[in-house]
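Coordinates from protein36.pdb are shown below (PDB, C-alpha atoms).
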ATOM      1  CA  MET A   1      24.471  12.075  -2.837  1.00  0.00           C
ATOM      2  CA  THR A   2      25.529  15.698  -3.266  1.00  0.00           C
ATOM      3  CA  THR A   3      26.697  17.115  -6.574  1.00  0.00           C
ATOM      4  CA  PRO A   4      29.285  19.894  -6.336  1.00  0.00           C
ATOM      5  CA  GLU A   5      28.440  23.292  -7.797  1.00  0.00           C
ATOM      6  CA  TYR A   6      31.111  25.272  -9.624  1.00  0.00           C
ATOM      7  CA  SER A   7      31.365  29.002 -10.149  1.00  0.00           C
ATOM      8  CA  PHE A   8      33.822  31.091 -12.145  1.00  0.00           C
ATOM      9  CA  ALA A   9      34.940  34.713 -11.913  1.00  0.00           C
ATOM     10  CA  SER A  10      37.091  36.414 -14.523  1.00  0.00           C
ATOM     11  CA  VAL A  11      39.731  39.003 -13.652  1.00  0.00           C
ATOM     12  CA  PRO A  12      41.165  40.995 -16.569  1.00  0.00           C
ATOM     13  CA  LEU A  13      44.926  40.941 -17.102  1.00  0.00           C
ATOM     14  CA  ARG A  14      47.026  43.851 -18.307  1.00  0.00           C
ATOM     15  CA  ARG A  15      50.537  43.900 -19.662  1.00  0.00           C
ATOM     16  CA  SER A  16      53.265  45.679 -17.678  1.00  0.00           C
ATOM     17  CA  ARG A  17      57.044  45.870 -17.995  1.00  0.00           C
ATOM     18  CA  GLU A  18      57.376  42.981 -15.568  1.00  0.00           C
ATOM     19  CA  GLY A  19      54.860  40.811 -17.438  1.00  0.00           C
ATOM     20  CA  TRP A  20      51.169  40.231 -16.823  1.00  0.00           C
ATOM     21  CA  GLU A  21      49.340  41.632 -13.812  1.00  0.00           C
ATOM     22  CA  PHE A  22      45.739  41.588 -12.661  1.00  0.00           C
ATOM     23  CA  ALA A  23      43.698  44.709 -13.450  1.00  0.00           C
ATOM     24  CA  PHE A  24      42.399  44.701  -9.852  1.00  0.00           C
ATOM     25  CA  ASP A  25      42.940  42.786  -6.621  1.00  0.00           C
ATOM     26  CA  TYR A  26      41.512  39.285  -7.159  1.00  0.00           C
ATOM     27  CA  ARG A  27      41.725  38.511  -3.427  1.00  0.00           C
ATOM     28  CA  SER A  28      38.595  40.542  -2.754  1.00  0.00           C
ATOM     29  CA  ILE A  29      36.619  38.183  -5.015  1.00  0.00           C
ATOM     30  CA  ILE A  30      37.951  35.140  -3.134  1.00  0.00           C
ATOM     31  CA  THR A  31      36.998  36.726   0.200  1.00  0.00           C
ATOM     32  CA  GLU A  32      33.490  37.604  -0.996  1.00  0.00           C
ATOM     33  CA  ARG A  33      32.856  34.134  -2.422  1.00  0.00           C
ATOM     34  CA  ALA A  34      34.170  32.478   0.763  1.00  0.00           C
ATOM     35  CA  ALA A  35      31.591  34.440   2.771  1.00  0.00           C
ATOM     36  CA  GLU A  36      28.933  32.921   0.473  1.00  0.00           C
ATOM     37  CA  GLY A  37      30.146  29.365   1.147  1.00  0.00           C
ATOM     38  CA  TRP A  38      32.383  28.902  -1.907  1.00  0.00           C
ATOM     39  CA  SER A  39      35.907  27.449  -1.730  1.00  0.00           C
ATOM     40  CA  PHE A  40      38.624  28.672  -4.083  1.00  0.00           C
ATOM     41  CA  VAL A  41      39.959  25.794  -6.199  1.00  0.00           C
ATOM     42  CA  GLN A  42      42.204  27.103  -8.949  1.00  0.00           C
ATOM     43  CA  LEU A  43      43.306  30.021 -11.111  1.00  0.00           C
ATOM     44  CA  ILE A  44      43.313  29.446 -14.865  1.00  0.00           C
ATOM     45  CA  LEU A  45      45.458  31.982 -16.728  1.00  0.00           C
ATOM     46  CA  LEU A  46      44.315  32.860 -20.221  1.00  0.00           C
ATOM     47  CA  GLU A  47      47.020  35.384 -21.096  1.00  0.00           C
ATOM     48  CA  HIS A  48      47.034  34.435 -24.788  1.00  0.00           C
ATOM     49  CA  HIS A  49      43.276  34.877 -25.164  1.00  0.00           C
ATOM     50  CA  THR A  50      41.937  37.797 -27.238  1.00  0.00           C
ATOM     51  CA  GLU A  51      40.886  39.373 -23.936  1.00  0.00           C
ATOM     52  CA  PRO A  52      43.620  38.254 -21.486  1.00  0.00           C
ATOM     53  CA  ARG A  53      42.226  37.232 -18.114  1.00  0.00           C
ATOM     54  CA  GLY A  54      42.523  34.916 -15.178  1.00  0.00           C
ATOM     55  CA  ASP A  55      39.530  32.725 -14.345  1.00  0.00           C
ATOM     56  CA  LEU A  56      39.049  31.939 -10.659  1.00  0.00           C
ATOM     57  CA  VAL A  57      37.352  28.592 -10.038  1.00  0.00           C
ATOM     58  CA  PHE A  58      35.189  28.000  -6.951  1.00  0.00           C
ATOM     59  CA  VAL A  59      33.292  24.972  -5.632  1.00  0.00           C
ATOM     60  CA  ARG A  60      30.694  24.296  -2.936  1.00  0.00           C
ATOM     61  CA  LYS A  61      28.468  21.413  -1.963  1.00  0.00           C
ATOM     62  CA  GLY A  62      25.397  21.258  -4.141  1.00  0.00           C
ATOM     63  CA  GLN A  63      21.918  19.874  -3.693  1.00  0.00           C
ATOM     64  CA  VAL A  64      21.254  16.308  -2.610  1.00  0.00           C
ATOM     65  CA  GLN A  65      20.040  14.250  -5.554  1.00  0.00           C
TER      66      GLN A  65
END
What does this structure look like when you write it as C-alpha cells?
Amino acid sequence: MTTPEYSFASVPLRRSREGWEFAFDYRSIITERAAEGWSFVQLILLEHHTEPRGDLVFVRKGQVQ
C-alpha cells in the first residue's frame, strides 16, 4: 500500500488597489514541482494571516509500506 506524500509552497501576497495579488508568479512553482513528479492539489489563501500568503498544496505517490 502506498502512502501519499504532501508538500507545501508559500507565495507571499501583497495588497493592491484591486485587492490581494501574489508577490510573484506562482505558476512557475507548479511547473517546477510537476517536473519533480508532484501534482498540484489546492491553493489555501491566508490573506488575514500576520504575513499574508497563499499556500500551494502538492501530492505524489509515496513509498510502499
Practice item. Please evaluate the PyMOL selection byres ((chain A and resi 44) around 6) against the structure above and give the resulting residues as a count of residues only. Key: 4
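Take the candidates A:Glu51, A:Val57, A:Phe40, A:Gly62 and check each one against Arg15 in chain A using all atoms listed in the file; the shortest distance goes to A:Glu51.
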Review point. Which residues, written as a PyMOL selection string, have at least one atom at most 12 Å from Leu56 in chain A, with all atoms listed in the file counted and residues fewer than 5 positions away on the same chain left out?
Key: chain A and resi 6-12+22+26-30+33+38-46
Review point. Which of these residues is nearest to Leu13 in chain A, using all atoms listed in the file: A:His48, A:Ala34, A:Arg53, A:Arg60?
Key: A:Arg53
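Relative to CA of Gly37 in chain A, CA of Thr3 in chain A is found at 14.9 Å.
Across the structure, CA of Ala23 in chain A and CA of Glu5 in chain A are spaced 26.9 Å apart.
Between CA of Asp25 in chain A and CA of Lys61 in chain A there is a distance of 26.2 Å.
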Edge lengths and centre, in Å to one decimal, as AutoDock Vina command-line options: that's what I need for the box along x, y and z that holds all listed atoms of range 32-40 of chain A plus 5 Å on each side.
--center_x 33.8 --center_y 32.5 --center_z -0.7 --size_x 19.7 --size_y 20.2 --size_z 16.9
